[in-house]
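Peer 1: As input, take start.cif (mmCIF, C-alpha atoms):
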data_start
loop_
_atom_site.label_atom_id
_atom_site.label_comp_id
_atom_site.auth_asym_id
_atom_site.auth_seq_id
_atom_site.Cartn_x
_atom_site.Cartn_y
_atom_site.Cartn_z
CA MET A 29 22.61 17.77 -50.80
CA ARG A 30 26.12 18.70 -49.63
CA TYR A 31 24.65 21.50 -47.55
CA LEU A 32 22.21 19.04 -45.97
CA LEU A 33 24.96 16.54 -45.13
CA LEU A 34 27.13 19.30 -43.75
CA ALA A 35 24.27 20.61 -41.63
CA ALA A 36 23.55 17.09 -40.29
CA LEU A 37 27.24 16.61 -39.50
CA GLY A 38 27.36 20.00 -37.76
CA LEU A 39 24.26 19.15 -35.71
CA LEU A 40 25.73 15.80 -34.67
CA ILE A 41 29.08 17.25 -33.69
CA GLY A 42 27.37 20.11 -31.82
CA ALA A 43 25.09 17.69 -29.98
CA ALA A 44 28.03 15.44 -29.10
CA ALA A 45 29.97 18.44 -27.81
CA ALA A 46 26.99 19.44 -25.66
CA CYS A 47 26.73 15.88 -24.29
CA ALA A 48 30.42 16.02 -23.39
CA ALA A 49 29.89 19.42 -21.76
CA ILE A 50 27.00 18.00 -19.71
CA TYR A 51 29.07 14.95 -18.75
CA TYR A 52 32.02 17.01 -17.52
CA ASN A 53 29.92 19.92 -16.22
CA PRO A 54 31.15 20.85 -12.72
CA PHE A 55 27.83 22.54 -11.82
CA THR A 56 26.07 19.16 -11.60
CA MET A 57 28.49 17.74 -9.03
CA THR A 58 27.29 17.97 -5.43
CA LYS A 59 29.50 19.80 -2.97
CA SER A 60 30.11 17.47 -0.04
CA ALA A 61 28.00 18.64 2.93
CA GLN A 62 29.64 18.28 6.35
CA LEU A 63 28.20 18.08 9.85
CA ASP A 64 30.35 19.66 12.54
CA VAL A 65 29.62 16.86 14.97
CA ALA A 66 27.34 13.90 14.34
CA ASP A 67 25.22 12.71 17.28
CA ARG A 68 24.79 9.38 15.58
CA ALA A 69 26.49 7.70 12.66
CA LEU A 70 24.62 4.74 11.20
CA HIS A 71 25.98 2.31 8.63
CA TYR A 72 24.40 0.06 6.03
CA ALA A 73 25.49 -2.37 3.37
CA LEU A 74 23.70 -2.90 0.07
CA PRO A 75 22.27 -5.30 -0.89
CA SER A 76 22.89 -7.45 2.20
CA GLU A 77 20.91 -5.25 4.60
CA VAL A 78 17.96 -4.56 2.34
CA ILE A 79 14.72 -5.84 3.84
CA GLY A 80 12.53 -4.94 0.87
CA PHE A 81 12.49 -2.78 -2.24
CA ALA A 82 10.25 -1.84 -5.11
CA LEU A 83 11.13 0.09 -8.25
CA GLY A 84 8.96 2.13 -10.59
CA ASP A 85 8.77 0.82 -14.14
CA GLU A 86 10.45 3.93 -15.55
CA VAL A 87 13.48 3.72 -13.25
CA VAL A 88 14.26 0.05 -13.81
CA PRO A 89 17.61 0.05 -15.68
CA PRO A 90 17.06 -1.01 -19.32
CA GLY A 91 17.85 -4.69 -19.81
CA THR A 92 16.93 -5.58 -16.23
CA PRO A 93 13.94 -7.93 -15.95
CA LYS A 94 10.91 -6.22 -14.44
CA ARG A 95 9.50 -7.68 -11.24
CA ASP A 96 5.83 -8.59 -10.90
CA ASP A 97 5.52 -6.33 -7.89
CA SER A 98 6.90 -3.23 -9.63
CA LEU A 99 5.39 0.22 -9.19
CA TRP A 100 3.72 0.33 -12.61
CA GLU A 101 1.03 2.99 -12.16
CA GLU A 102 1.86 6.12 -14.18
CA THR A 103 1.71 8.37 -11.11
CA ILE A 104 4.42 6.38 -9.30
CA ASP A 105 6.41 4.83 -12.14
CA ARG A 106 9.40 7.09 -11.41
CA THR A 107 9.60 6.29 -7.73
CA ALA A 108 11.25 3.65 -5.57
CA MET A 109 10.83 2.23 -2.10
CA LEU A 110 13.68 0.78 -0.06
CA SER A 111 13.74 -0.54 3.49
CA LEU A 112 17.02 -1.33 5.10
CA VAL A 113 18.66 -2.17 8.40
CA LEU A 114 21.12 0.33 9.85
CA ASP A 115 23.99 -0.60 12.14
CA ASP A 116 25.81 1.32 14.85
CA ALA A 117 29.58 1.80 15.01
CA HIS A 118 30.00 -1.77 16.32
CA ASP A 119 27.99 -3.24 13.42
CA ASN A 120 25.02 -4.07 15.65
CA PRO A 121 21.65 -3.60 13.95
CA THR A 122 20.18 -0.54 15.65
CA ALA A 123 17.52 0.98 13.39
CA ILE A 124 15.30 0.30 10.40
CA ALA A 125 14.74 2.82 7.65
CA SER A 126 12.01 3.15 5.04
CA ARG A 127 13.05 5.31 2.11
CA LEU A 128 10.49 6.64 -0.35
CA LEU A 129 12.25 8.10 -3.39
CA ALA A 130 10.98 10.04 -6.40
CA VAL A 131 12.76 11.77 -9.26
CA SER A 132 12.66 15.47 -8.41
CA PRO A 133 11.18 18.16 -10.67
CA ARG A 134 14.37 20.10 -9.87
CA THR A 135 16.36 17.74 -12.09
CA ASP A 136 18.39 19.83 -14.51
CA PHE A 137 21.27 18.38 -16.51
CA VAL A 138 22.93 21.78 -16.85
CA LEU A 139 22.70 23.33 -13.39
CA SER A 140 21.85 20.82 -10.67
CA GLY A 141 22.15 17.22 -11.89
CA VAL A 142 19.67 14.38 -11.51
CA ARG A 143 17.86 15.16 -8.27
CA VAL A 144 15.86 12.67 -6.23
CA ASN A 145 13.51 13.49 -3.35
CA ASP A 146 14.37 11.02 -0.60
CA TYR A 147 12.01 10.72 2.40
CA TRP A 148 13.13 8.50 5.27
CA LEU A 149 11.30 7.13 8.28
CA LEU A 150 14.00 5.97 10.62
CA THR A 151 12.97 3.96 13.67
CA PHE A 152 15.19 3.05 16.60
CA PRO A 153 13.28 0.30 18.44
CA GLY A 154 12.59 1.34 22.01
CA GLU A 155 13.43 4.99 21.25
CA GLY A 156 11.19 6.33 18.51
CA THR A 157 11.05 7.50 14.91
CA LEU A 158 12.70 10.27 12.92
CA PHE A 159 11.49 11.74 9.62
CA LEU A 160 14.28 12.75 7.29
CA ARG A 161 13.82 14.78 4.15
CA ALA A 162 16.70 14.85 1.71
CA GLU A 163 17.32 15.92 -1.83
CA THR A 164 20.05 13.79 -3.36
CA ASN A 165 22.03 14.20 -6.54
CA VAL A 166 22.43 10.81 -8.24
CA TRP A 167 24.11 12.20 -11.37
CA PRO A 168 27.72 11.50 -10.19
CA PHE A 169 26.66 7.87 -9.53
CA LEU A 170 24.89 7.53 -12.89
CA LYS A 171 27.82 9.09 -14.75
CA GLU A 172 30.10 6.40 -13.44
CA THR A 173 27.85 3.35 -13.55
CA LEU A 174 25.94 3.72 -16.83
CA PRO A 175 29.06 3.60 -19.08
CA VAL A 176 30.20 0.46 -17.20
CA TRP A 177 26.80 -1.24 -17.45
CA TYR A 178 25.94 -0.32 -21.01
CA LEU A 179 29.16 0.53 -22.87
CA GLY A 180 31.44 -2.08 -21.34
CA ARG A 181 33.83 0.61 -20.06
CA PRO A 182 36.15 -0.47 -17.24
CA TRP A 183 35.09 0.51 -13.75
CA LYS A 184 37.50 2.77 -11.88
CA GLY A 185 36.06 2.05 -8.44
CA PRO A 186 35.63 1.69 -5.55
CA SER A 187 34.21 5.21 -5.50
CA GLU A 188 32.81 7.44 -2.80
CA TYR A 189 29.77 9.68 -3.15
CA SER A 190 28.18 12.38 -1.00
CA PRO A 191 24.78 12.68 -2.66
CA THR A 192 22.96 14.82 -0.07
CA ALA A 193 22.18 18.19 -1.65
CA GLY A 194 19.67 19.80 0.68
CA PRO A 195 17.12 21.05 1.42
CA GLY A 196 18.67 22.17 4.71
CA GLU A 197 21.43 24.61 5.43
CA GLN A 198 24.79 23.92 3.80
CA GLY A 199 23.29 21.18 1.66
CA ALA A 200 22.31 18.87 4.51
CA ALA A 201 19.05 16.94 4.84
CA VAL A 202 16.35 18.07 7.29
CA VAL A 203 15.45 15.81 10.24
CA ILE A 204 12.25 16.05 12.30
CA GLY A 205 11.55 14.02 15.43
CA ALA A 206 8.31 12.11 14.88
CA THR A 207 7.66 9.79 17.82
CA GLY A 208 9.09 8.57 21.12
CA ARG A 209 11.99 10.42 22.66
CA PHE A 210 12.63 12.30 19.41
CA VAL A 211 9.39 14.33 19.55
CA GLY A 212 10.24 18.03 19.49
CA LEU A 213 13.77 17.54 18.20
CA GLU A 214 15.00 18.74 14.84
CA GLY A 215 18.29 18.47 13.07
CA THR A 216 20.28 17.75 9.99
CA ALA A 217 21.76 14.71 8.28
CA ILE A 218 24.07 13.78 5.47
CA GLU A 219 24.53 10.53 3.63
CA LYS A 220 27.72 9.14 2.16
CA TYR A 221 28.26 5.86 0.41
CA ARG A 222 31.06 3.88 -1.14
CA LEU A 223 30.38 1.82 -4.24
CA THR A 224 32.33 -1.38 -3.69
CA ASP A 225 31.28 -3.54 -6.63
CA LEU A 226 29.70 -3.07 -10.02
CA ASP A 227 28.55 -6.03 -12.09
CA PRO A 228 27.86 -5.10 -15.74
CA ASN A 229 26.22 -8.45 -16.52
CA ALA A 230 23.71 -8.39 -13.69
CA ARG A 231 23.36 -4.58 -13.83
CA SER A 232 23.92 -4.68 -10.10
CA ALA A 233 26.01 -2.78 -7.59
CA ALA A 234 27.13 -3.25 -4.00
CA ALA A 235 27.77 -0.42 -1.60
CA THR A 236 28.38 0.48 2.00
CA GLY A 237 26.84 3.67 3.27
CA GLU A 238 26.69 5.96 6.25
CA ILE A 239 24.12 8.43 7.49
CA ASP A 240 25.26 11.02 10.02
CA LEU A 241 22.60 12.64 12.18
CA ARG A 242 22.73 15.72 14.35
CA LEU A 243 19.71 16.55 16.51
CA GLY A 244 18.77 19.46 18.73
CA ALA A 245 15.88 21.58 19.92
CA PRO A 246 14.05 23.35 17.07
CA GLN A 247 15.19 26.87 16.22
CA VAL A 248 12.63 27.59 13.51
CA ALA A 249 8.97 26.81 12.78
CA LYS A 250 8.27 23.09 12.45
CA SER A 251 7.04 22.94 8.85
CA GLU A 252 9.76 24.19 6.61
CA MET B 9 29.13 26.26 -46.72
CA LYS B 10 31.26 27.04 -43.68
CA ALA B 11 28.47 29.18 -42.29
CA THR B 12 25.96 26.32 -42.65
CA PHE B 13 28.26 23.94 -40.80
CA PHE B 14 28.92 26.32 -37.92
CA LEU B 15 25.27 27.29 -37.66
CA ALA B 16 24.29 23.61 -37.47
CA LEU B 17 27.06 23.00 -34.94
CA PHE B 18 25.76 25.82 -32.76
CA LEU B 19 22.15 24.63 -33.10
CA GLY B 20 23.13 21.07 -32.13
CA PHE B 21 25.12 22.31 -29.12
CA ALA B 22 22.50 24.79 -27.95
CA GLY B 23 19.61 22.39 -28.59
CA VAL B 24 21.02 19.64 -26.37
CA LEU B 25 21.91 22.09 -23.60
CA ALA B 26 18.44 23.66 -23.81
CA ALA B 27 16.85 20.20 -23.61
CA GLY B 28 19.02 19.36 -20.59
CA HIS B 29 17.93 22.55 -18.86
CA PHE B 30 14.32 23.14 -19.91
CA VAL B 31 12.78 19.68 -20.44
CA PRO B 32 10.92 18.73 -17.22
CA TRP B 33 12.80 15.43 -16.74
CA GLY B 34 11.57 15.04 -13.19
CA ALA B 35 7.89 15.86 -13.71
CA HIS B 36 5.39 13.24 -12.53
CA VAL B 37 1.90 12.55 -13.81
CA ARG B 38 -0.51 14.44 -11.60
CA LEU B 39 -4.18 13.66 -11.08
CA PRO B 40 -6.59 16.35 -9.82
CA SER B 41 -6.41 16.58 -6.02
CA GLN B 42 -9.53 15.17 -4.33
CA THR B 43 -9.77 17.87 -1.68
CA ARG B 44 -12.73 19.71 -0.23
CA VAL B 45 -13.01 22.85 1.80
CA VAL B 46 -14.00 22.35 5.44
CA ALA B 47 -16.79 24.59 6.78
CA ASN B 48 -14.75 26.12 9.61
CA GLY B 49 -11.59 26.51 7.58
CA GLY B 50 -8.93 24.28 6.14
CA ARG B 51 -9.08 21.58 3.55
CA ALA B 52 -9.94 17.92 3.90
CA GLU B 53 -8.32 15.16 1.89
CA GLN B 54 -8.75 11.44 2.24
CA PHE B 55 -6.19 8.83 1.27
CA LEU B 56 -7.09 5.18 0.79
CA ILE B 57 -5.13 1.95 0.87
CA ARG B 58 -6.77 -1.23 -0.40
CA LEU B 59 -5.64 -4.49 1.10
CA PRO B 60 -4.08 -6.68 -0.10
CA ALA B 61 -3.54 -4.98 -3.49
CA ASP B 62 -1.71 -1.93 -2.17
CA ARG B 63 0.45 -3.67 0.42
CA ILE B 64 4.06 -3.64 -0.80
CA ASP B 65 5.70 -5.32 2.18
CA ALA B 66 5.97 -5.38 5.95
CA ALA B 67 8.43 -6.37 8.64
CA GLY B 68 8.15 -6.48 12.37
CA ALA B 69 8.19 -8.26 15.66
CA LYS B 70 5.86 -11.25 16.04
CA ALA B 71 4.01 -9.39 18.79
CA ALA B 72 2.73 -7.00 16.11
CA GLY B 73 0.39 -9.75 14.87
CA LEU B 74 -0.98 -10.47 11.40
CA ARG B 75 0.23 -7.17 9.94
CA ALA B 76 3.88 -8.09 10.56
CA ALA B 77 3.75 -11.08 8.20
CA ALA B 78 6.34 -10.47 5.48
CA PRO B 79 5.61 -11.36 1.87
CA ARG B 80 7.14 -14.58 0.54
CA GLY B 81 10.83 -14.17 -0.26
CA ALA B 82 11.28 -11.03 1.84
CA SER B 83 14.26 -10.76 4.21
CA ALA B 84 13.55 -11.03 7.92
CA LEU B 85 14.52 -8.40 10.45
CA PRO B 86 17.56 -9.21 12.60
CA PRO B 87 16.56 -10.33 16.12
CA GLN B 88 18.19 -7.23 17.68
CA LEU B 89 15.48 -5.11 16.05
CA THR B 90 12.54 -7.28 17.06
CA ALA B 91 13.44 -7.46 20.75
CA GLU B 92 11.33 -4.29 21.17
CA PRO B 93 7.82 -3.88 19.68
CA LEU B 94 8.21 -2.77 16.06
CA LEU B 95 6.13 -2.84 12.90
CA VAL B 96 7.15 -1.37 9.54
CA GLU B 97 4.68 -1.39 6.64
CA HIS B 98 4.83 -0.07 3.08
CA PHE B 99 1.86 0.65 0.84
CA LYS B 100 0.71 2.27 -2.36
CA VAL B 101 -1.66 5.17 -1.62
CA ARG B 102 -4.84 6.09 -3.48
CA ASP B 103 -6.90 9.26 -3.59
CA ALA B 104 -10.57 9.31 -2.61
CA ALA B 105 -11.49 8.33 -6.18
CA GLY B 106 -9.41 5.16 -5.93
CA ASN B 107 -6.50 6.17 -8.19
CA VAL B 108 -2.99 5.24 -7.06
CA ILE B 109 -1.20 8.55 -6.43
CA GLY B 110 1.75 7.76 -4.17
CA LEU B 111 3.59 5.58 -1.69
CA ALA B 112 3.47 5.39 2.09
CA ALA B 113 5.55 4.00 4.92
CA ARG B 114 4.09 3.38 8.38
CA HIS B 115 6.33 2.82 11.39
CA TRP B 116 4.92 1.75 14.76
CA SER B 117 7.21 1.30 17.72
CA ALA B 118 6.97 1.29 21.48
CA ASP B 119 9.10 1.65 24.57
CA ALA B 120 8.29 0.84 28.19
CA ARG B 121 6.07 3.94 28.54
CA ALA B 122 4.26 4.53 25.28
CA SER B 123 3.97 3.68 21.62
CA GLY B 124 3.98 5.93 18.57
CA THR B 125 2.98 5.81 14.94
CA ALA B 126 4.52 7.77 12.06
CA TRP B 127 3.29 7.83 8.47
CA SER B 128 5.38 9.17 5.61
CA LEU B 129 3.16 9.80 2.59
CA MET B 130 4.87 10.65 -0.67
CA ILE B 131 2.83 11.91 -3.59
CA PRO B 132 5.52 12.42 -6.26
CA SER B 133 3.78 15.25 -8.07
CA ARG B 134 2.92 17.14 -4.88
CA GLY B 135 5.42 16.41 -2.09
CA ALA B 136 5.38 14.50 1.17
CA LEU B 137 3.45 14.53 4.44
CA LEU B 138 4.50 13.35 7.88
CA LEU B 139 1.64 12.18 10.09
CA THR B 140 2.25 11.21 13.72
CA ALA B 141 0.05 9.85 16.51
CA PRO B 142 0.25 7.87 19.72
CA GLY B 143 0.49 4.23 18.68
CA GLU B 144 -2.18 1.59 19.07
CA GLN B 145 -1.87 -1.37 21.47
CA PRO B 146 0.32 -4.20 20.11
CA ALA B 147 -1.70 -6.40 17.71
CA ALA B 148 -4.78 -4.19 18.15
CA LEU B 149 -6.19 -5.37 14.84
CA ASP B 150 -5.73 -9.03 15.77
CA THR B 151 -7.60 -8.44 19.03
CA ALA B 152 -10.52 -6.80 17.21
CA LEU B 153 -10.63 -9.64 14.67
CA ARG B 154 -10.59 -12.30 17.38
CA ASN B 155 -13.46 -10.52 19.12
CA ALA B 156 -15.34 -10.75 15.81
CA GLY B 157 -14.81 -14.50 15.56
CA TYR B 158 -11.54 -14.82 13.67
CA ASN B 159 -9.32 -17.78 14.54
CA ALA B 160 -5.69 -17.87 13.44
CA GLY B 161 -5.09 -20.27 10.54
CA THR B 162 -8.67 -20.24 9.27
CA ALA B 163 -10.30 -18.01 6.70
CA TRP B 164 -12.68 -15.36 8.02
CA ILE B 165 -15.19 -13.04 6.37
CA GLY B 166 -16.87 -10.20 8.21
CA ASP B 167 -16.68 -6.49 8.81
CA VAL B 168 -14.45 -5.08 11.52
CA ARG B 169 -13.72 -1.38 11.81
CA VAL B 170 -10.81 -0.26 14.00
CA ALA B 171 -9.83 3.37 14.47
CA LEU B 172 -6.08 3.30 15.14
CA ALA B 173 -6.09 7.11 15.25
CA PRO B 174 -9.69 8.10 16.03
CA GLU B 175 -11.29 11.16 14.44
CA GLY B 176 -11.04 14.39 16.45
CA VAL B 177 -8.08 13.31 18.56
CA ASP B 178 -5.72 16.25 19.03
CA THR B 179 -2.62 14.07 19.20
CA ALA B 180 -2.96 12.59 15.70
CA ILE B 181 -1.36 15.39 13.74
CA VAL B 182 -0.02 16.41 10.36
CA ALA B 183 3.44 17.18 11.67
CA ALA B 184 5.34 18.35 8.59
CA GLY B 185 5.19 18.57 4.85
CA SER B 186 7.26 19.38 1.80
CA ASP B 187 6.66 21.18 -1.49
CA GLU B 188 2.88 21.61 -1.90
CA PHE B 189 2.34 20.42 1.69
CA SER B 190 4.97 22.73 3.13
CA GLY B 191 3.70 24.89 6.00
CA LEU B 192 0.53 22.86 6.48
CA GLY B 193 -0.55 21.62 9.88
CA GLY B 194 -3.64 19.82 11.07
CA LYS B 195 -5.11 16.56 12.23
CA TYR B 196 -5.72 13.14 10.77
CA SER B 197 -7.57 9.97 11.55
CA GLU B 198 -6.68 6.40 10.60
CA THR B 199 -9.33 3.72 10.26
CA TRP B 200 -8.82 0.10 9.23
CA THR B 201 -11.87 -1.74 7.86
CA ILE B 202 -11.19 -5.44 7.53
CA THR B 203 -13.66 -7.53 5.53
CA GLY B 204 -11.77 -10.78 5.36
CA VAL B 205 -8.67 -12.75 6.32
CA THR B 206 -7.40 -15.68 4.27
CA ASP B 207 -6.29 -18.90 5.93
CA GLY B 208 -2.73 -17.74 5.27
CA GLY B 209 -3.36 -14.57 7.29
CA GLU B 210 -3.66 -12.11 4.37
CA LEU B 211 -5.83 -9.14 5.26
CA HIS B 212 -8.58 -7.86 2.93
CA GLY B 213 -10.06 -4.45 3.48
CA THR B 214 -9.31 -0.74 3.43
CA ILE B 215 -7.22 1.75 5.38
CA GLU B 216 -8.59 5.31 5.38
CA LEU B 217 -6.37 8.24 6.26
CA ALA B 218 -8.50 11.37 6.58
CA THR B 219 -6.56 14.62 6.89
CA VAL B 220 -7.77 18.12 7.67
CA THR B 221 -5.06 20.69 7.14
CA ARG B 222 -4.66 24.41 7.10
CA LYS B 223 -1.79 26.76 6.50
CA GLY B 224 0.36 27.73 9.44
CA THR B 225 -1.20 25.61 12.21
#
Would you mind giving the structure from this file in structure tokens?
Peer 2:
Amino acid sequence: MRYLLLAALGLLIGAAAACAAIYYNPFTMTKSAQLDVADRALHYALPSEVIGFALGDEVVPPGTPKRDDSLWEETIDRTAMLSLVLDDAHDNPTAIASRLLAVSPRTDFVLSGVRVNDYWLLTFPGEGTLFLRAETNVWPFLKETLPVWYLGRPWKGPSEYSPTAGPGEQGAAVVIGATGRFVGLEGTAIEKYRLTDLDPNARSAAATGEIDLRLGAPQVAKSE
Amino acid sequence: MKATFFLALFLGFAGVLAAGHFVPWGAHVRLPSQTRVVANGGRAEQFLIRLPADRIDAAGAKAAGLRAAAPRGASALPPQLTAEPLLVEHFKVRDAAGNVIGLAARHWSADARASGTAWSLMIPSRGALLLTAPGEQPAALDTALRNAGYNAGTAWIGDVRVALAPEGVDTAIVAAGSDEFSGLGGKYSETWTITGVTDGGELHGTIELATVTRKGT
């Protein structure tokens, strides 16, 4: 019996130590990608500039009431859809983005963090549409928000995040011109956001974000 | 006794790390792909959207017609974005067998010279596709419905078929893809079949996206 108790205690302490190692693991933090020069910097504010959103049942934070229009089917229950207005440097609405997000199979708590595939359609009225493919690491965000939401820990924010982690060169997202004057252009993008408020009771957060785009003529084959 | 404790400690530590590394946390449920081989090469796959069940939301300029109507409670676009023709729609996507397999966003916009359509199709277990084509005329669906006897504000039942990207057109293309769709090129067609409109303007029918793709085109 003593051996059994000792083994259980050892397992618990070992598991707790591993959880701490995962929590403080530097490999799962995204290195901040940088664009040399951004052709366009667009800004958004959450939730005030959200036009619509839908969450998969499996990614709704526990304790948050589920909406009737949730993405409940088992093939899409770990996805999300977000449409938002993007502003230029003078805070004038200049584009609308549709983001389709899905938890990535490349998620790895030891080596890469919690990865999300993030596909944007970004339309500038009167100009055209860009397709943006990003892989983002949401682990730094989750590490900070979940203890505040669920364990009542004090929030140390506001905090800044650079979640873009590829798939392009130097960890930037890949941009492809889809319609209008953007046809034939390719480029890169990075996203940054600043968490400005975190409400543990409502399980909600407010943020301001920025997406920097750099476009040019293609240098490689179109489909990556 | 010491050995038991340290062995258990190691097993607990290694077990959690192994679970963090090897458990497929990001894997999605995958249904068999409903593809078929095309006689002259390539593979064909059809995606379906059933209206109104699969419509998540929409936003756009009034000139875009019935399709721009936002669901109740949705935020409206700022006027700066609706000064130019614009229509943004979001849907769930089904395979040819009618199973929901992904999400899609459709953006239609125009400038003084031309209009363009872009579809982003995300199938979580397989990747994403970008489809692009020249855009349809503003409110093309409304025009076709009116020609079939529909009057705004009244319910209508019928059968109208509108090809917004007709089959065989070289400019309606599979422009890019990721993961399983990476390196694929090809063509697509987009057909809306409307069988009814409620008095509130809700569309009933089906959108068919038929793709023919091959590697390296």
Peer 1: Go through A:Asn229, A:Ser187, A:Ser126, A:Thr135 one by one, measure the shortest atom-to-atom distance of each to Arg161 (chain A) using all atoms listed in the file, and give the residue with the smallest value.
Peer 2: A:Ser126
Peer 1: Distance cut-off 7 Å, counting only C-alpha atoms - which residues of chain A neighbour chain B? Return them as a ChimeraX atom specification.
Peer 2: /A:31,34-35,38-43,45-46,79-80,101-104,121-123,126,128,130-138,149,153-156,206-208,250-252
Peer 1: Can I get the selected residues back with C-alpha atoms, as a CSV table (one decimal), in the frame of the given file?
Peer 2:
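Result saved to out-v6.csv:
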chain,number,residue,atom,x,y,z
A,31,TYR,CA,24.6,21.5,-47.6
A,34,LEU,CA,27.1,19.3,-43.8
A,35,ALA,CA,24.3,20.6,-41.6
A,38,GLY,CA,27.4,20.0,-37.8
A,39,LEU,CA,24.3,19.2,-35.7
A,40,LEU,CA,25.7,15.8,-34.7
A,41,ILE,CA,29.1,17.2,-33.7
A,42,GLY,CA,27.4,20.1,-31.8
A,43,ALA,CA,25.1,17.7,-30.0
A,45,ALA,CA,30.0,18.4,-27.8
A,46,ALA,CA,27.0,19.4,-25.7
A,79,ILE,CA,14.7,-5.8,3.8
A,80,GLY,CA,12.5,-4.9,0.9
A,101,GLU,CA,1.0,3.0,-12.2
A,102,GLU,CA,1.9,6.1,-14.2
A,103,THR,CA,1.7,8.4,-11.1
A,104,ILE,CA,4.4,6.4,-9.3
A,121,PRO,CA,21.6,-3.6,14.0
A,122,THR,CA,20.2,-0.5,15.6
A,123,ALA,CA,17.5,1.0,13.4
A,126,SER,CA,12.0,3.2,5.0
A,128,LEU,CA,10.5,6.6,-0.4
A,130,ALA,CA,11.0,10.0,-6.4
A,131,VAL,CA,12.8,11.8,-9.3
A,132,SER,CA,12.7,15.5,-8.4
A,133,PRO,CA,11.2,18.2,-10.7
A,134,ARG,CA,14.4,20.1,-9.9
A,135,THR,CA,16.4,17.7,-12.1
A,136,ASP,CA,18.4,19.8,-14.5
A,137,PHE,CA,21.3,18.4,-16.5
A,138,VAL,CA,22.9,21.8,-16.8
A,149,LEU,CA,11.3,7.1,8.3
A,153,PRO,CA,13.3,0.3,18.4
A,154,GLY,CA,12.6,1.3,22.0
A,155,GLU,CA,13.4,5.0,21.2
A,156,GLY,CA,11.2,6.3,18.5
A,206,ALA,CA,8.3,12.1,14.9
A,207,THR,CA,7.7,9.8,17.8
A,208,GLY,CA,9.1,8.6,21.1
A,250,LYS,CA,8.3,23.1,12.4
A,251,SER,CA,7.0,22.9,8.8
A,252,GLU,CA,9.8,24.2,6.6
Peer 1: Set up a box along x, y and z of the file covering all listed atoms of region 158-172 of chain A, add 4 Å on every one of the six sides, and write the centre and edge lengths in Å to one decimal, as AutoDock Vina command-line options.
Peer 2:
--center_x 20.8 --center_y 11.2 --center_z -0.9 --size_x 26.6 --size_y 17.5 --size_z 35.7
Peer 1: May I ask for the distance between CA of Arg75 (chain B) and CA of Tyr147 (chain A), given in Å to one decimal place?
Peer 2: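 Going from CA of Arg75 (chain B) over to CA of Tyr147 (chain A), I get 22.7 Å.
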Peer 1: In Å, how far is it from CA of Leu114 (chain A) to CA of Glu77 (chain A)?
Peer 2: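 CA of Leu114 (chain A) sits 7.7 Å away from CA of Glu77 (chain A).
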Peer 1: Calculate how many Å separate CA of Ala69 (chain A) from CA of Ile181 (chain B), rounding to one decimal.
Peer 2: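 CA of Ile181 (chain B) lies at a distance of 28.9 Å from CA of Ala69 (chain A).
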Peer 1: Can you list what the PyMOL selection byres ((chain A and resi 185) around 9) grabs from this structure, as number ranges by chain?
Peer 2: A: 172, 183-184, 186-188, 223-226
Peer 1: Can you tell me, as an MDAnalysis selection string, what residues are no more than 6 Å from Trp100 (chain A) when counting only C-alpha atoms, ignoring any on the same chain fewer than 2 positions away?
Peer 2: chainID A and resid 84:85 98 105
Peer 1: Counting only C-alpha atoms, note down every residue that has an atom within 12 Å of the point (29.5, 6.2, 3.3) (file coordinates), as a list in words.
Peer 2: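 Collected hits near the coordinates: Ser60, Ala69, Leu70, His71, Tyr72, Ala73, Leu74, Pro186, Ser187, Glu188, Tyr189, Ser190, Pro191, Thr192, Ile218, Glu219, Lys220, Tyr221, Arg222, Leu223, Thr224, Ala235, Thr236, Gly237, Glu238, Ile239 and Asp240 of chain A.
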Peer 1: Identify which of the residues B:Ala218, B:Val45, B:Ala72, B:Ala104 lies closest to Thr151 (chain B), counting all atoms listed in the file when measuring atom-to-atom distances.
Peer 2: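 Checking each of B:Ala218, B:Val45, B:Ala72, B:Ala104 against Thr151 (chain B), counting all atoms listed in the file, the winner is B:Ala72.
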Peer 1: Take the point (25.2, 13.6, 17.2) as written in the file and pick out every residue within 12 Å of it, counting all atoms listed in the file; give the list as a list in words.
Peer 2: Leu63, Asp64, Val65, Ala66, Asp67, Arg68, Ala69, Leu70, Glu214, Gly215, Thr216, Ala217, Ile218, Ile239, Asp240, Leu241, Arg242, Leu243 and Gly244 of chain A
Peer 1: Restricted to C-alpha atoms, what would the selected residues look like written as an mmCIF file, keeping the file's coordinate frame?
Peer 2:
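The resulting file, again_6.cif, is reproduced below:
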data_model
loop_
_atom_site.group_PDB
_atom_site.id
_atom_site.type_symbol
_atom_site.label_atom_id
_atom_site.label_comp_id
_atom_site.auth_asym_id
_atom_site.auth_seq_id
_atom_site.Cartn_x
_atom_site.Cartn_y
_atom_site.Cartn_z
ATOM 1 C CA LEU A 63 28.200 18.080 9.850
ATOM 2 C CA ASP A 64 30.350 19.660 12.540
ATOM 3 C CA VAL A 65 29.620 16.860 14.970
ATOM 4 C CA ALA A 66 27.340 13.900 14.340
ATOM 5 C CA ASP A 67 25.220 12.710 17.280
ATOM 6 C CA ARG A 68 24.790 9.380 15.580
ATOM 7 C CA ALA A 69 26.490 7.700 12.660
ATOM 8 C CA LEU A 70 24.620 4.740 11.200
ATOM 9 C CA GLU A 214 15.000 18.740 14.840
ATOM 10 C CA GLY A 215 18.290 18.470 13.070
ATOM 11 C CA THR A 216 20.280 17.750 9.990
ATOM 12 C CA ALA A 217 21.760 14.710 8.280
ATOM 13 C CA ILE A 218 24.070 13.780 5.470
ATOM 14 C CA ILE A 239 24.120 8.430 7.490
ATOM 15 C CA ASP A 240 25.260 11.020 10.020
ATOM 16 C CA LEU A 241 22.600 12.640 12.180
ATOM 17 C CA ARG A 242 22.730 15.720 14.350
ATOM 18 C CA LEU A 243 19.710 16.550 16.510
ATOM 19 C CA GLY A 244 18.770 19.460 18.730
#
